[in-house]
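Text of the file entry-v5.pdb, holding PDB, C-alpha atoms and all ligand atoms:
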```pdb
ATOM      1  CA  MET A   1      -8.784  18.827   0.748
ATOM      2  CA  THR A   2      -5.581  17.788   2.505
ATOM      3  CA  ASP A   3      -1.979  18.857   1.976
ATOM      4  CA  GLN A   4      -0.898  15.371   3.103
ATOM      5  CA  VAL A   5      -1.065  14.213  -0.529
ATOM      6  CA  LYS A   6       0.305  16.225  -3.461
ATOM      7  CA  ILE A   7      -1.394  15.625  -6.787
ATOM      8  CA  THR A   8       0.169  17.044  -9.916
ATOM      9  CA  GLN A   9       0.117  16.338 -13.628
ATOM     10  CA  SER A  10       2.870  16.800 -16.177
ATOM     11  CA  GLY A  11       2.257  15.694 -19.745
ATOM     12  CA  GLY A  12       0.362  12.412 -19.567
ATOM     13  CA  VAL A  13       1.617  11.473 -16.074
ATOM     14  CA  MET A  14      -0.398  12.164 -12.921
ATOM     15  CA  GLU A  15       1.674  12.022  -9.730
ATOM     16  CA  ILE A  16       0.146  11.047  -6.390
ATOM     17  CA  CYS A  17       2.754  11.876  -3.757
ATOM     18  CA  TRP A  18       2.321  10.972  -0.056
ATOM     19  CA  ASN A  19       3.271  14.100   1.889
ATOM     20  CA  ARG A  20       3.225  13.461   5.629
ATOM     21  CA  PRO A  21       6.940  12.837   6.173
ATOM     22  CA  ASP A  22       6.930  13.649   9.924
ATOM     23  CA  LYS A  23       4.701  10.567  10.402
ATOM     24  CA  LYS A  24       6.626   8.436   7.875
ATOM     25  CA  ASN A  25       3.707   9.105   5.502
ATOM     26  CA  ALA A  26       1.313   7.012   7.630
ATOM     27  CA  LEU A  27      -1.967   7.102   5.709
ATOM     28  CA  SER A  28      -4.795   9.102   7.266
ATOM     29  CA  GLN A  29      -8.374   8.716   6.020
ATOM     30  CA  ALA A  30      -8.015  12.127   4.315
ATOM     31  CA  MET A  31      -4.982  10.832   2.398
ATOM     32  CA  TYR A  32      -6.824   7.719   1.211
ATOM     33  CA  SER A  33      -9.756   9.882   0.171
ATOM     34  CA  ALA A  34      -7.567  12.309  -1.832
ATOM     35  CA  ALA A  35      -5.692   9.462  -3.524
ATOM     36  CA  ASN A  36      -8.939   7.628  -4.291
ATOM     37  CA  ASP A  37     -10.430  10.750  -5.904
ATOM     38  CA  ALA A  38      -7.234  11.252  -7.924
ATOM     39  CA  LEU A  39      -7.273   7.667  -9.228
ATOM     40  CA  LEU A  40     -10.935   7.954 -10.233
ATOM     41  CA  LYS A  41     -10.183  11.227 -12.020
ATOM     42  CA  ALA A  42      -7.131   9.685 -13.720
ATOM     43  CA  SER A  43      -9.227   6.787 -14.985
ATOM     44  CA  ALA A  44     -11.885   9.106 -16.446
ATOM     45  CA  ASP A  45      -9.559  11.803 -17.841
ATOM     46  CA  PRO A  46      -8.195  10.984 -21.328
ATOM     47  CA  SER A  47      -5.244  13.351 -20.782
ATOM     48  CA  VAL A  48      -3.896  11.017 -18.052
ATOM     49  CA  ARG A  49      -1.994   8.107 -19.591
ATOM     50  CA  CYS A  50      -0.103   6.834 -16.548
ATOM     51  CA  VAL A  51      -0.094   7.384 -12.767
ATOM     52  CA  LEU A  52       3.022   7.591 -10.597
ATOM     53  CA  LEU A  53       2.783   6.854  -6.862
ATOM     54  CA  CYS A  54       5.649   8.355  -4.871
ATOM     55  CA  SER A  55       6.424  10.150  -1.608
ATOM     56  CA  GLU A  56       8.147  13.023   0.158
ATOM     57  CA  GLY A  57      10.806  12.217   2.752
ATOM     58  CA  ASP A  58      12.702   9.007   3.391
ATOM     59  CA  ALA A  59       9.702   6.637   3.660
ATOM     60  CA  PHE A  60       7.192   5.557   1.018
ATOM     61  CA  THR A  61       4.563   4.972   3.692
ATOM     62  CA  ALA A  62       4.416   3.332   7.129
ATOM     63  CA  GLY A  63       0.931   2.094   6.246
ATOM     64  CA  ASN A  64      -2.415   2.866   7.775
ATOM     65  CA  ASP A  65      -2.403   5.428  10.586
ATOM     66  CA  ILE A  66      -2.527   3.224  13.697
ATOM     67  CA  ALA A  67      -4.407   5.928  15.619
ATOM     68  CA  ASP A  68      -7.273   5.444  13.114
ATOM     69  CA  PHE A  69      -7.155   1.680  13.719
ATOM     70  CA  ALA A  70      -7.380   2.382  17.467
ATOM     71  CA  LYS A  71     -10.385   4.692  16.933
ATOM     72  CA  ALA A  72     -12.117   1.991  14.863
ATOM     73  CA  ASN A  73     -11.348  -0.589  17.578
ATOM     74  CA  ALA A  74     -13.107   1.557  20.153
ATOM     75  CA  SER A  75     -16.128   2.536  18.055
ATOM     76  CA  THR A  76     -19.242   0.599  17.145
ATOM     77  CA  ASP A  77     -19.466   1.645  13.503
ATOM     78  CA  HIS A  78     -18.044  -0.244  10.524
ATOM     79  CA  GLY A  79     -14.563   1.265  10.601
ATOM     80  CA  PRO A  80     -12.662   3.438   8.139
ATOM     81  CA  ARG A  81     -14.405   3.767   4.779
ATOM     82  CA  ASP A  82     -11.915   5.893   2.817
ATOM     83  CA  SER A  83      -9.209   3.238   3.099
ATOM     84  CA  SER A  84     -11.657   0.591   1.841
ATOM     85  CA  SER A  85     -12.601   2.748  -1.160
ATOM     86  CA  TYR A  86      -8.946   3.408  -2.014
ATOM     87  CA  ILE A  87      -8.095  -0.303  -1.824
ATOM     88  CA  ARG A  88     -11.008  -1.234  -4.106
ATOM     89  CA  THR A  89     -10.092   1.504  -6.588
ATOM     90  CA  ILE A  90      -6.379   0.719  -6.837
ATOM     91  CA  ALA A  91      -7.093  -3.018  -7.233
ATOM     92  CA  ALA A  92      -9.378  -2.262 -10.195
ATOM     93  CA  PHE A  93      -7.389   0.652 -11.663
ATOM     94  CA  ASP A  94      -7.311   0.376 -15.450
ATOM     95  CA  LYS A  95      -4.416   2.618 -16.521
ATOM     96  CA  PRO A  96      -0.713   1.895 -15.916
ATOM     97  CA  LEU A  97       0.481   2.508 -12.379
ATOM     98  CA  VAL A  98       4.164   3.010 -11.487
ATOM     99  CA  ALA A  99       5.602   3.275  -7.962
ATOM    100  CA  GLY A 100       8.776   5.007  -6.772
ATOM    101  CA  VAL A 101       9.652   3.736  -3.279
ATOM    102  CA  PRO A 102      12.519   5.654  -1.614
ATOM    103  CA  GLY A 103      12.374   3.791   1.730
ATOM    104  CA  LEU A 104      10.003   2.073   4.173
ATOM    105  CA  ALA A 105       6.857   0.478   2.754
ATOM    106  CA  ILE A 106       4.765  -1.114   5.515
ATOM    107  CA  GLY A 107       1.346  -2.772   5.521
ATOM    108  CA  VAL A 108      -0.825  -1.278   2.787
ATOM    109  CA  GLY A 109       2.330   0.591   1.712
ATOM    110  CA  MET A 110       3.646  -2.774   0.539
ATOM    111  CA  THR A 111       0.398  -4.476  -0.510
ATOM    112  CA  MET A 112      -0.454  -1.589  -2.871
ATOM    113  CA  LEU A 113       2.806  -2.284  -4.750
ATOM    114  CA  PHE A 114       1.286  -5.569  -5.956
ATOM    115  CA  HIS A 115      -1.331  -3.484  -7.808
ATOM    116  CA  CYS A 116       1.369  -1.377  -9.491
ATOM    117  CA  ASP A 117       2.632  -2.396 -12.921
ATOM    118  CA  LEU A 118       6.225  -1.180 -12.482
ATOM    119  CA  VAL A 119       8.017  -0.671  -9.157
ATOM    120  CA  PHE A 120      11.365   1.064  -8.508
ATOM    121  CA  VAL A 121      12.651   0.751  -4.965
ATOM    122  CA  ALA A 122      15.582   1.919  -2.841
ATOM    123  CA  GLU A 123      17.957  -1.026  -2.438
ATOM    124  CA  ASP A 124      18.104  -0.494   1.351
ATOM    125  CA  ALA A 125      14.326   0.073   1.728
ATOM    126  CA  LYS A 126      12.540  -2.155   4.226
ATOM    127  CA  LEU A 127       9.251  -3.590   3.007
ATOM    128  CA  SER A 128       6.956  -5.449   5.384
ATOM    129  CA  MET A 129       3.349  -6.494   5.976
ATOM    130  CA  PRO A 130       3.206  -7.050   9.759
ATOM    131  CA  PHE A 131      -0.570  -7.504   9.917
ATOM    132  CA  VAL A 132      -0.498 -10.280  12.505
ATOM    133  CA  ASN A 133       1.846  -8.245  14.759
ATOM    134  CA  LEU A 134      -1.103  -5.830  14.989
ATOM    135  CA  ALA A 135      -3.570  -8.722  15.423
ATOM    136  CA  LEU A 136      -4.898  -7.989  11.908
ATOM    137  CA  VAL A 137      -5.043  -9.957   8.649
ATOM    138  CA  PRO A 138      -3.876  -9.283   5.078
ATOM    139  CA  GLU A 139      -5.839  -6.771   2.969
ATOM    140  CA  ALA A 140      -5.960  -5.325  -0.560
ATOM    141  CA  ALA A 141      -6.170  -8.867  -2.019
ATOM    142  CA  SER A 142      -2.646  -9.483  -0.713
ATOM    143  CA  SER A 143      -3.744 -12.878   0.612
ATOM    144  CA  ILE A 144      -3.712 -13.943  -3.062
ATOM    145  CA  THR A 145      -1.393 -11.457  -4.816
ATOM    146  CA  VAL A 146       1.582 -11.981  -2.472
ATOM    147  CA  PRO A 147       1.705 -15.818  -2.416
ATOM    148  CA  ALA A 148       1.136 -15.797  -6.188
ATOM    149  CA  ARG A 149       4.183 -13.558  -6.652
ATOM    150  CA  VAL A 150       6.636 -14.846  -4.033
ATOM    151  CA  GLY A 151       5.318 -18.259  -2.930
ATOM    152  CA  TYR A 152       3.294 -19.352   0.105
ATOM    153  CA  ALA A 153       6.159 -19.838   2.568
ATOM    154  CA  ARG A 154       7.678 -16.384   2.066
ATOM    155  CA  ALA A 155       4.237 -14.747   2.076
ATOM    156  CA  PHE A 156       3.190 -16.452   5.307
ATOM    157  CA  ALA A 157       6.436 -15.473   7.077
ATOM    158  CA  MET A 158       5.890 -11.851   6.053
ATOM    159  CA  PHE A 159       2.227 -11.788   7.097
ATOM    160  CA  ALA A 160       2.349 -13.871  10.266
ATOM    161  CA  MET A 161       5.782 -12.992  11.642
ATOM    162  CA  GLY A 162       6.274  -9.527  10.199
ATOM    163  CA  GLU A 163       9.436 -10.545   8.321
ATOM    164  CA  ALA A 164      10.732  -7.671   6.207
ATOM    165  CA  VAL A 165      12.447  -7.749   2.826
ATOM    166  CA  THR A 166      14.975  -5.250   1.554
ATOM    167  CA  GLY A 167      14.595  -3.432  -1.742
ATOM    168  CA  LYS A 168      17.321  -5.698  -3.160
ATOM    169  CA  GLN A 169      15.355  -8.823  -2.163
ATOM    170  CA  ALA A 170      12.179  -7.247  -3.535
ATOM    171  CA  GLU A 171      13.925  -7.030  -6.912
ATOM    172  CA  GLU A 172      15.143 -10.638  -6.645
ATOM    173  CA  TRP A 173      11.652 -11.899  -5.692
ATOM    174  CA  GLY A 174       9.925 -10.090  -8.570
ATOM    175  CA  ILE A 175       8.160  -7.522  -6.360
ATOM    176  CA  ALA A 176      10.158  -4.668  -7.900
ATOM    177  CA  ASN A 177      11.602  -4.087 -11.352
ATOM    178  CA  LYS A 178      14.761  -2.478 -10.015
ATOM    179  CA  ALA A 179      16.472  -1.703  -6.707
ATOM    180  CA  LEU A 180      18.541   1.476  -6.817
ATOM    181  CA  PRO A 181      20.343   3.912  -4.491
ATOM    182  CA  ALA A 182      17.561   5.638  -2.507
ATOM    183  CA  ALA A 183      17.826   9.012  -4.271
ATOM    184  CA  GLU A 184      17.389   7.342  -7.661
ATOM    185  CA  ALA A 185      14.203   5.337  -6.974
ATOM    186  CA  ILE A 186      11.629   8.076  -7.644
ATOM    187  CA  PRO A 187      13.474   9.608 -10.642
ATOM    188  CA  ALA A 188      13.727   6.126 -12.215
ATOM    189  CA  ALA A 189      10.013   5.539 -11.599
ATOM    190  CA  ARG A 190       9.181   8.945 -13.084
ATOM    191  CA  ALA A 191      11.276   8.233 -16.206
ATOM    192  CA  ALA A 192       9.509   4.872 -16.641
ATOM    193  CA  ALA A 193       6.092   6.531 -16.207
ATOM    194  CA  GLU A 194       6.990   9.119 -18.868
ATOM    195  CA  ARG A 195       8.038   6.311 -21.241
ATOM    196  CA  LEU A 196       4.848   4.351 -20.568
ATOM    197  CA  ALA A 197       2.740   7.471 -21.196
ATOM    198  CA  LYS A 198       4.106   7.571 -24.743
ATOM    199  CA  GLN A 199       3.059   3.973 -25.483
ATOM    200  CA  PRO A 200      -0.299   3.311 -27.203
ATOM    201  CA  LEU A 201      -2.696   3.575 -24.236
ATOM    202  CA  GLY A 202      -5.336   1.192 -25.616
ATOM    203  CA  ALA A 203      -2.793  -1.620 -25.974
ATOM    204  CA  VAL A 204      -1.215  -0.888 -22.579
ATOM    205  CA  MET A 205      -4.607  -0.991 -20.845
ATOM    206  CA  ALA A 206      -5.663  -4.153 -22.669
ATOM    207  CA  THR A 207      -2.374  -5.827 -21.679
ATOM    208  CA  LYS A 208      -2.879  -4.842 -18.044
ATOM    209  CA  LYS A 209      -6.440  -6.196 -18.117
ATOM    210  CA  LEU A 210      -5.266  -9.501 -19.594
ATOM    211  CA  MET A 211      -2.543  -9.873 -16.954
ATOM    212  CA  ARG A 212      -4.624  -8.940 -13.907
ATOM    213  CA  GLU A 213      -7.544 -10.672 -12.235
ATOM    214  CA  ALA A 214      -9.528  -7.639 -11.153
ATOM    215  CA  GLU A 215     -12.787  -9.532 -10.493
ATOM    216  CA  ARG A 216     -11.019 -12.140  -8.357
ATOM    217  CA  TYR A 217      -9.228  -9.374  -6.424
ATOM    218  CA  ALA A 218     -12.548  -7.581  -5.779
ATOM    219  CA  LYS A 219     -14.128 -10.769  -4.370
ATOM    220  CA  GLN A 220     -11.101 -11.497  -2.189
ATOM    221  CA  ILE A 221     -11.075  -7.899  -0.899
ATOM    222  CA  ASP A 222     -14.674  -8.382   0.302
ATOM    223  CA  ILE A 223     -13.719 -11.588   2.128
ATOM    224  CA  GLU A 224     -10.584 -10.010   3.623
ATOM    225  CA  MET A 225     -12.498  -6.909   4.747
ATOM    226  CA  GLU A 226     -14.978  -8.965   6.709
ATOM    227  CA  CYS A 227     -12.187 -10.772   8.515
ATOM    228  CA  PHE A 228     -10.141  -7.558   8.923
ATOM    229  CA  GLY A 229     -13.179  -5.746  10.364
ATOM    230  CA  ALA A 230     -13.713  -8.493  12.957
ATOM    231  CA  GLN A 231     -10.028  -8.501  13.971
ATOM    232  CA  LEU A 232      -9.990  -4.692  14.115
ATOM    233  CA  LYS A 233     -12.575  -4.865  16.912
ATOM    234  CA  SER A 234     -10.773  -7.610  18.846
ATOM    235  CA  ALA A 235      -9.199  -7.393  22.296
ATOM    236  CA  GLU A 236      -5.846  -8.519  20.876
ATOM    237  CA  ALA A 237      -5.930  -5.644  18.379
ATOM    238  CA  ALA A 238      -6.752  -3.200  21.206
ATOM    239  CA  GLU A 239      -3.587  -4.414  22.980
ATOM    240  CA  ALA A 240      -1.498  -4.013  19.783
ATOM    241  CA  PHE A 241      -2.728  -0.449  19.154
ATOM    242  CA  ALA A 242      -2.272   0.576  22.804
ATOM    243  CA  ALA A 243       1.276  -0.835  22.763
ATOM    244  CA  PHE A 244       2.119   1.214  19.640
ATOM    245  CA  ALA A 245       0.748   4.415  21.198
ATOM    246  CA  GLN A 246       2.661   3.745  24.434
ATOM    247  CA  LYS A 247       5.857   2.822  22.516
ATOM    248  CA  ARG A 248       6.083  -0.600  24.185
ATOM    249  CA  LYS A 249       5.952  -4.223  23.043
ATOM    250  CA  PRO A 250       2.452  -5.773  23.029
ATOM    251  CA  ASP A 251       1.733  -8.599  25.470
ATOM    252  CA  PHE A 252      -0.843 -10.816  23.787
ATOM    253  CA  THR A 253      -0.699 -13.362  26.615
ATOM    254  CA  ARG A 254      -2.705 -10.900  28.752
ATOM    255  CA  VAL A 255      -5.580 -10.994  26.248
ATOM    256  CA  SER A 256      -7.945 -13.918  25.990
TER
HETATM  257  N1  LIG A 301       0.544   5.202  12.212
HETATM  258  C1  LIG A 301       0.609   6.315  12.969
HETATM  259  N2  LIG A 301       1.760   6.938  13.243
HETATM  260  C2  LIG A 301       2.888   6.415  12.732
HETATM  261  C3  LIG A 301       2.889   5.251  11.944
HETATM  262  C4  LIG A 301       1.638   4.640  11.678
HETATM  263  N3  LIG A 301       1.534   3.566  10.903
HETATM  264  N4  LIG A 301       4.159   4.971  11.600
HETATM  265  C5  LIG A 301       4.931   5.921  12.139
HETATM  266  N5  LIG A 301       4.174   6.788  12.836
HETATM  267  C6  LIG A 301       4.604   7.975  13.567
HETATM  268  C7  LIG A 301       5.261   7.598  14.898
HETATM  269  O1  LIG A 301       4.274   7.377  15.909
HETATM  270  C8  LIG A 301       6.083   8.846  15.158
HETATM  271  O2  LIG A 301       5.221   9.852  15.631
HETATM  272  P1  LIG A 301       5.729  10.834  16.819
HETATM  273  O3  LIG A 301       6.927  11.536  16.233
HETATM  274  O4  LIG A 301       4.564  11.732  17.033
HETATM  275  O5  LIG A 301       6.075   9.934  17.989
HETATM  276  C9  LIG A 301       6.532   9.260  13.747
HETATM  277  O6  LIG A 301       5.620   8.644  12.847
HETATM  278  C10 LIG A 301       7.914   8.794  13.380
HETATM  279  O7  LIG A 301       7.987   7.403  13.629
HETATM  280  P2  LIG A 301       9.078   6.726  14.611
HETATM  281  O8  LIG A 301       8.493   5.450  15.134
HETATM  282  O9  LIG A 301       9.557   7.720  15.620
HETATM  283  O10 LIG A 301      10.247   6.450  13.567
HETATM  284  P3  LIG A 301      11.213   5.198  13.487
HETATM  285  O11 LIG A 301      12.134   5.491  12.346
HETATM  286  O12 LIG A 301      11.790   4.868  14.812
HETATM  287  O13 LIG A 301      10.248   3.966  13.076
HETATM  288  C11 LIG A 301       8.554   2.861  11.821
HETATM  289  C12 LIG A 301       9.481   4.055  11.905
HETATM  290  C13 LIG A 301       7.681   3.089  10.597
HETATM  291  C14 LIG A 301       9.380   1.569  11.645
HETATM  292  C15 LIG A 301       7.688   2.733  13.097
HETATM  293  O14 LIG A 301       7.103   3.988  13.359
HETATM  294  C16 LIG A 301       6.575   1.723  12.980
HETATM  295  O15 LIG A 301       6.804   0.535  13.192
HETATM  296  N6  LIG A 301       5.359   2.174  12.621
HETATM  297  C17 LIG A 301       4.213   1.318  12.535
HETATM  298  C18 LIG A 301       4.156   0.634  11.187
HETATM  299  C19 LIG A 301       2.940  -0.270  11.088
HETATM  300  O16 LIG A 301       2.804  -1.218  11.833
HETATM  301  N7  LIG A 301       2.024   0.072  10.165
HETATM  302  C20 LIG A 301       0.778  -0.585   9.975
HETATM  303  C21 LIG A 301       0.959  -1.839   9.247
HETATM  304  S1  LIG A 301      -0.560  -2.721   8.999
END
```

Just give me the structure as structure tokens.
Ligand code: COA
Amino acid sequence: MTDQVKITQSGGVMEICWNRPDKKNALSQAMYSAANDALLKASADPSVRCVLLCSEGDAFTAGNDIADFAKANASTDHGPRDSSSYIRTIAAFDKPLVAGVPGLAIGVGMTMLFHCDLVFVAEDAKLSMPFVNLALVPEAASSITVPARVGYARAFAMFAMGEAVTGKQAEEWGIANKALPAAEAIPAARAAAERLAKQPLGAVMATKKLMREAERYAKQIDIEMECFGAQLKSAEAAEAFAAFAQKRKPDFTRVS
């Protein structure tokens, strides 16, 4: 058990709330594991009719904990497993998923939003997927979900050059339903989740299934994970993780 994720249920809505604000809610393996267990429980439990993803503090999440990436870079095993399980589960999740994003959403913090059915975001939030800045590659099926949603050119600029979008742009590009003042993002998401929980669940789930390509996502996640795993072990990734820990800019020209 970890207190870095708060899981609660009120009526038909389960809330999964990232709770590591001092680290901008960077996701530890324990957090992925707790969230994965909660999603599996939500799927199996008939009393849960909708899940809300939200956060404590000013950030949604700064993405995977980079210290865990660094550990995986230095070790000979396969790398973090809890994050892989969470990504597979959220990409296949069958009940409605709503996100309330009060600020920063980086890396998996942004790619998971493409598996949510409704997204409410702070208008001044910064959303980014700087995988290549860390010498990594897209994950969570984002190599297909993001270009499908926003177009290839925008997706490539975000992946390969770390370009960020604001909450306002996220609304304009169809990533979010609504951009709001920061304090209103989670309450608006919660209100939408409560409304969704009152809809006929069978029809909501069937609609979600018709609109999503869960099998294609699962196959792409396997392909991405192989590539991600190889990059995670690379010398250029070691330089990126060391630079983050030392609070300096990486110098990839030093790495062959
Ligand atoms: N992994 C591990 N720790 C992280 C983190 C991450 N992804 N993101 C933030 N933190 C930690 C910082 O190291 C810092 O810890 P410290 O107080 O012990 O030094 C703390 O959270 C606060 O972050 P800080 O950098 O001081 O805040 P900031 O407002 O100046 O910048 C970010 C916030 C999120 C923009 C910056 O921390 C950042 O770029 N993080 C990395 C994001 C990233 O690349 N994620 C992975 C994408 S694949």

Open item on the list: So that I can see what lies close to Leu136 of chain A, please list as a list of chain:residue names the residues with an atom at most 10 Å from it, counting only C-alpha atoms and leaving out residues fewer than 3 positions away in the same chain.
Closed with: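 Within the cut-off, the hits are A:Pro130, A:Phe131, A:Val132, A:Asn133, A:Glu139, A:Phe159, A:Ala160, A:Cys227, A:Phe228, A:Gly229, A:Ala230, A:Gln231, A:Leu232, A:Lys233, A:Ser234, A:Glu236, A:Ala237, A:Ala240.
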
Contact check, chain A to ligand LIG 301 (chain A), at most 6 Å, counting all atoms listed in the file, closest pairs as JSON lines:
```
{"residue": "A:Asp22", "atom": "CA", "partner": "A:LIG301", "partner_atom": "C9", "distance": 5.8}
{"residue": "A:Lys23", "atom": "CA", "partner": "A:LIG301", "partner_atom": "O6", "distance": 3.2}
{"residue": "A:Lys24", "atom": "CA", "partner": "A:LIG301", "partner_atom": "O6", "distance": 5.1}
{"residue": "A:Ala26", "atom": "CA", "partner": "A:LIG301", "partner_atom": "C4", "distance": 4.7}
{"residue": "A:Ala62", "atom": "CA", "partner": "A:LIG301", "partner_atom": "N3", "distance": 4.8}
{"residue": "A:Gly63", "atom": "CA", "partner": "A:LIG301", "partner_atom": "N7", "distance": 4.5}
{"residue": "A:Asn64", "atom": "CA", "partner": "A:LIG301", "partner_atom": "N3", "distance": 5.1}
{"residue": "A:Asp65", "atom": "CA", "partner": "A:LIG301", "partner_atom": "N1", "distance": 3.4}
{"residue": "A:Ile66", "atom": "CA", "partner": "A:LIG301", "partner_atom": "N1", "distance": 3.9}
{"residue": "A:Ala67", "atom": "CA", "partner": "A:LIG301", "partner_atom": "C1", "distance": 5.7}
{"residue": "A:Ile106", "atom": "CA", "partner": "A:LIG301", "partner_atom": "C21", "distance": 5.4}
{"residue": "A:Gly107", "atom": "CA", "partner": "A:LIG301", "partner_atom": "C21", "distance": 3.9}
{"residue": "A:Pro130", "atom": "CA", "partner": "A:LIG301", "partner_atom": "C21", "distance": 5.7}
{"residue": "A:Phe131", "atom": "CA", "partner": "A:LIG301", "partner_atom": "S1", "distance": 4.9}
```

- [ ] Let me know the residues the PyMOL selection byres (((chain A and resi 105) around 6) and not hetatm) catches in the file above, as a list of chain:residue names.
- [x] A:Phe60, A:Thr61, A:Ala62, A:Leu104, A:Ile106, A:Gly109, A:Met110, A:Leu127

Open item on the list: Once the PyMOL selection byres (((chain A and resi 94) around 10) and not hetatm) has been evaluated on this model, what residues remain selected, and can you format them as a count of residues only?
Closed with: 21

Using only C-alpha atoms, can you list as an mmCIF file with C-alpha atoms, in the coordinates of the input the residues within 9 Å of (-6.6, -11.8, -0.3)?
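point08.cif, written as the output of this step:
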```cif
data_model
loop_
_atom_site.group_PDB
_atom_site.id
_atom_site.type_symbol
_atom_site.label_atom_id
_atom_site.label_comp_id
_atom_site.auth_asym_id
_atom_site.auth_seq_id
_atom_site.Cartn_x
_atom_site.Cartn_y
_atom_site.Cartn_z
ATOM 1 C CA PRO A 138 -3.876 -9.283 5.078
ATOM 2 C CA GLU A 139 -5.839 -6.771 2.969
ATOM 3 C CA ALA A 140 -5.960 -5.325 -0.560
ATOM 4 C CA ALA A 141 -6.170 -8.867 -2.019
ATOM 5 C CA SER A 142 -2.646 -9.483 -0.713
ATOM 6 C CA SER A 143 -3.744 -12.878 0.612
ATOM 7 C CA ILE A 144 -3.712 -13.943 -3.062
ATOM 8 C CA THR A 145 -1.393 -11.457 -4.816
ATOM 9 C CA VAL A 146 1.582 -11.981 -2.472
ATOM 10 C CA TYR A 217 -9.228 -9.374 -6.424
ATOM 11 C CA LYS A 219 -14.128 -10.769 -4.370
ATOM 12 C CA GLN A 220 -11.101 -11.497 -2.189
ATOM 13 C CA ILE A 221 -11.075 -7.899 -0.899
ATOM 14 C CA ASP A 222 -14.674 -8.382 0.302
ATOM 15 C CA ILE A 223 -13.719 -11.588 2.128
ATOM 16 C CA GLU A 224 -10.584 -10.010 3.623
#
```

Task: Explicit residue set for the PyMOL selection byres (((chain A and resi 178) around 9) and not hetatm), as a PyMOL selection string - done: chain A and resi 118-123+167-168+170-172+176-177+179-180+185+188

TODO: Could you check how far atom CA of Asn25 of chain A sits from atom CA of Gln4 of chain A, in Å to one decimal?
DONE: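 Straight-line distance from atom CA of Asn25 of chain A to atom CA of Gln4 of chain A works out to 8.1 Å.
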
Open item on the list: Here is a test: counting all atoms listed in the file, which residue of A:Met211, A:Val101, A:Ala70, A:Met31 is nearest to Ala189 of chain A?
Closed with: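 Result for the nearest residue to Ala189 of chain A: A:Val101.
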
Task: Point-to-point distance from atom CA of Gly11 of chain A to atom CA of Val48 of chain A, Å rounded to tenths - done: 7.9 Å

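Atom pair atom CA of Leu196 of chain A / atom CA of Leu52 of chain A has a distance of 10.6 Å (rounded to one decimal).
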
Give, as lines of an AutoDock Vina configuration file, the centre coordinates and the x, y and z edge lengths in Å to one decimal for an axis-aligned box around all listed atoms of segment 24-35 of chain A, padded by 8 Å on each side.
```
center_x = -1.6
center_y = 9.7
center_z = 2.2
size_x = 32.4
size_y = 21.3
size_z = 27.4
```
